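Visitor: Quick one: the structure is below, questions incoming.
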Amino acid sequence: MRIRAVVRLHTRNPFGTYLFPFAIGGIAFAVILIVGLIAAISTNDAEDLAAMNEGMRWNGAVWAILGPLIGVGVGAMTQYFPLSLGLGLTRREFLVGTSVVFLATAALYAIVITLLNWLEVATNGYGLHVRMFDVVWVGMDSPWRTLVQTFLLLCAFLFLGAASATVVKRFGQLVLWLVIGVGVLAVVIGSSAVTLAGSWPEVAAWVVDAQWGLWMSLLALLALVGAAAWVLLVRRAPVR
């Protein structure tokens with residue numbers, strides 16, 4: 001199988017996959033540091049700075065790096081799928097090669113995020129009590145959790161992005177919007193039911209108390225569902 005040819009296609013232009021997300025992340029990081037500097041100038045109270053650090057555990061700046069990777073999954077289908085088949089590669093070779101690229105990309109970003117998380121914790125938020133990588137979205141408490149959580153999260157992003165683009169290729173945008181609409185409707189109905197039952201405190205307690213392993217299992221399941229849907233759809237996706 002000509003897997004290496006598919007990998008080379010994906011990596012010939014590294015800007016969108018590797019440089020752009022880190023460029024956007026660098027801007028977000030600069031903003032976080034500016035916030036820390038302003039806080040350090042405004043107060044010397046250790047309790048205030050500790051409270052700011054604690055509040056930043058829900059900080060979403062890390063999504064500036066992770067968010068654009070959804071587009072990598074989409075681009076795999078819109079750009080490289082027709083190109084691969086036009087060059088004589090088979091759909092199976094494209095699937096395997098692209099999966100290798102997705103897994104390698106997720107692993108690379110997970111390692112980088114884990115190292116930055118470690119640096120952030122070791123320096124107490126770069127001496128400014130700020131957070132960007134030691135946050136709930138990519139795991140806290142230990143480096144290995146950050147590594148696993150970030151890897152699974154990115155796998156889900158990449159495969160779901162590819163699956164959504166394949167849905168559009170095969171069935172058109174209307175079907176994708178219908179799928180999204182059904183998902184949103186299910187969330188609205190569920191939220192309404194919880195609200196009418198007055199059960200939000202119990203739901204919040206369950207979310208907080210749920211084991212980390214359970215959340216990782218759900219993330220892994222989401223990634224597997226996205227990958228399976230993508231594989232099935234690619235078999236009959238039109239080349240256009």
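Identifiers in this document derive from the order of the structure tokens: chains are assigned A, B, ..., residues are numbered from 1 separately in each chain, and ligands are numbered from 1 in order of occurrence.
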Applying 9 Å and only C-alpha atoms, which residues near stretch 171-184 of chain A remain after dropping the ones on its own chain fewer than 6 positions away? List them as a PDB file with C-alpha atoms, in the first residue's frame.

Guide:
ATOM      1  CA  SER A 164     -18.771  15.930   8.536  1.00  0.00           C
ATOM      2  CA  ALA A 165     -16.995  16.966   5.323  1.00  0.00           C
ATOM      3  CA  ALA A 237     -18.130   9.541  -1.497  1.00  0.00           C
TER       4      ALA A 237
END

Visitor: Which residues are close to stretch 41-56 of chain A, i.e. within 6 Å by only C-alpha atoms, leaving aside same-chain residues fewer than 5 positions away? Reply as number ranges by chain.

Guide: A: 129-131

Visitor: Give me a file of those residues, with N, CA and C atoms, as a PDB file, in the first residue's frame.

Guide:
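The resulting file, part02.pdb, is shown below:
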ATOM      1  N   HIS A 129       0.965  33.746  37.842  1.00  0.00           N
ATOM      2  CA  HIS A 129      -0.243  33.076  38.350  1.00  0.00           C
ATOM      3  C   HIS A 129      -1.330  32.937  37.283  1.00  0.00           C
ATOM      4  N   VAL A 130      -0.942  32.742  36.028  1.00  0.00           N
ATOM      5  CA  VAL A 130      -1.925  32.600  34.955  1.00  0.00           C
ATOM      6  C   VAL A 130      -1.956  31.153  34.473  1.00  0.00           C
ATOM      7  N   ARG A 131      -2.992  30.833  33.723  1.00  0.00           N
ATOM      8  CA  ARG A 131      -3.130  29.492  33.162  1.00  0.00           C
ATOM      9  C   ARG A 131      -3.542  29.594  31.696  1.00  0.00           C
TER      10      ARG A 131
END

Visitor: Within 8 Å of A:Phe29, counting only C-alpha atoms, which residues show up once you throw out same-chain ones fewer than 4 positions away? Write them as JSON, numbers by chain, please.

Guide: {"A": [25, 33, 61, 132]}

Visitor: Could you jot down the atom CA of A:Ala64 to atom CA of A:Leu152 separation for me, Å, one decimal place?

Guide: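 Distance reported for this atom pair: 17.4 Å.
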
Visitor: Run DSSP on the backbone and give me the residues of stretch 117-153 of chain A it puts in alpha helix (DSSP H), as a PDB file with N, CA and C atoms, in the first residue's frame.

Guide:
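Okay, this is what ended up in part.pdb:
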ATOM      1  N   ASN A 117       2.046  22.428  29.578  1.00  0.00           N
ATOM      2  CA  ASN A 117       1.340  22.285  30.852  1.00  0.00           C
ATOM      3  C   ASN A 117       2.334  22.119  31.991  1.00  0.00           C
ATOM      4  N   TRP A 118       3.323  21.244  31.778  1.00  0.00           N
ATOM      5  CA  TRP A 118       4.342  21.010  32.807  1.00  0.00           C
ATOM      6  C   TRP A 118       5.110  22.295  33.111  1.00  0.00           C
ATOM      7  N   LEU A 119       5.490  23.034  32.066  1.00  0.00           N
ATOM      8  CA  LEU A 119       6.222  24.285  32.255  1.00  0.00           C
ATOM      9  C   LEU A 119       5.380  25.298  33.018  1.00  0.00           C
ATOM     10  N   GLU A 120       4.110  25.363  32.694  1.00  0.00           N
ATOM     11  CA  GLU A 120       3.213  26.314  33.351  1.00  0.00           C
ATOM     12  C   GLU A 120       3.090  26.015  34.841  1.00  0.00           C
ATOM     13  N   VAL A 121       2.937  24.750  35.177  1.00  0.00           N
ATOM     14  CA  VAL A 121       2.827  24.363  36.587  1.00  0.00           C
ATOM     15  C   VAL A 121       4.145  24.600  37.312  1.00  0.00           C
ATOM     16  N   ALA A 122       5.263  24.241  36.673  1.00  0.00           N
ATOM     17  CA  ALA A 122       6.581  24.372  37.308  1.00  0.00           C
ATOM     18  C   ALA A 122       6.944  25.818  37.605  1.00  0.00           C
ATOM     19  N   PRO A 143       0.778  15.005  34.270  1.00  0.00           N
ATOM     20  CA  PRO A 143       1.100  15.115  32.840  1.00  0.00           C
ATOM     21  C   PRO A 143       0.499  14.001  31.988  1.00  0.00           C
ATOM     22  N   TRP A 144       0.463  12.778  32.495  1.00  0.00           N
ATOM     23  CA  TRP A 144      -0.034  11.683  31.670  1.00  0.00           C
ATOM     24  C   TRP A 144      -1.519  11.852  31.377  1.00  0.00           C
ATOM     25  N   ARG A 145      -2.262  12.443  32.320  1.00  0.00           N
ATOM     26  CA  ARG A 145      -3.676  12.707  32.055  1.00  0.00           C
ATOM     27  C   ARG A 145      -3.838  13.761  30.966  1.00  0.00           C
ATOM     28  N   THR A 146      -3.001  14.785  31.032  1.00  0.00           N
ATOM     29  CA  THR A 146      -3.037  15.810  29.984  1.00  0.00           C
ATOM     30  C   THR A 146      -2.723  15.195  28.630  1.00  0.00           C
ATOM     31  N   LEU A 147      -1.727  14.318  28.588  1.00  0.00           N
ATOM     32  CA  LEU A 147      -1.330  13.665  27.336  1.00  0.00           C
ATOM     33  C   LEU A 147      -2.478  12.842  26.759  1.00  0.00           C
ATOM     34  N   VAL A 148      -3.086  12.012  27.592  1.00  0.00           N
ATOM     35  CA  VAL A 148      -4.163  11.133  27.128  1.00  0.00           C
ATOM     36  C   VAL A 148      -5.394  11.943  26.731  1.00  0.00           C
ATOM     37  N   GLN A 149      -5.777  12.899  27.587  1.00  0.00           N
ATOM     38  CA  GLN A 149      -6.993  13.669  27.326  1.00  0.00           C
ATOM     39  C   GLN A 149      -6.869  14.502  26.053  1.00  0.00           C
ATOM     40  N   THR A 150      -5.725  15.157  25.871  1.00  0.00           N
ATOM     41  CA  THR A 150      -5.530  15.975  24.674  1.00  0.00           C
ATOM     42  C   THR A 150      -5.505  15.108  23.424  1.00  0.00           C
ATOM     43  N   PHE A 151      -4.855  13.959  23.505  1.00  0.00           N
ATOM     44  CA  PHE A 151      -4.789  13.056  22.354  1.00  0.00           C
ATOM     45  C   PHE A 151      -6.183  12.591  21.937  1.00  0.00           C
ATOM     46  N   LEU A 152      -6.983  12.149  22.897  1.00  0.00           N
ATOM     47  CA  LEU A 152      -8.326  11.662  22.575  1.00  0.00           C
ATOM     48  C   LEU A 152      -9.215  12.785  22.055  1.00  0.00           C
ATOM     49  N   LEU A 153      -9.082  13.965  22.656  1.00  0.00           N
ATOM     50  CA  LEU A 153      -9.877  15.112  22.220  1.00  0.00           C
ATOM     51  C   LEU A 153      -9.582  15.464  20.764  1.00  0.00           C
TER      52      LEU A 153
END

Visitor: For A:Thr98, please output as a PyMOL selection string all residues within 9 Å (counting only C-alpha atoms; exclusion window: fewer than 4 positions along the same chain).

Guide: chain A and resi 3+6-7+10+76+93-94+102-103

Visitor: Give me the residues within 6 Å of stretch 212-223 of chain A as a PyMOL selection string, counting only C-alpha atoms and dropping any in the same chain fewer than 3 places off.

Guide: chain A and resi 152+155-156+226

Visitor: With C-alpha atoms retained, could you export that selection as a compact mmCIF listing (two decimals), in the first residue's frame?

Guide:
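again-v5.txt, written as the output of this step:
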# COMPACT_ATOMS: atom_id res chain seq x y z
CA LEU A 152 -8.33 11.66 22.58
CA CYS A 155 -8.64 12.42 17.58
CA ALA A 156 -12.34 13.14 18.05
CA GLY A 226 -16.38 9.69 14.01

Visitor: Need the shell around A:Ala163: protein/DNA/RNA residues with any atom at most 9 Å away, counting only C-alpha atoms. Skip same-chain ones fewer than 6 positions apart. Format as a list in words?

Guide: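 My reading of the contact set: Gly73, Val74, Met77, Gly226, Ala227, Ala228, Ala229, Trp230, Val231, Leu233 and Val234 of chain A.
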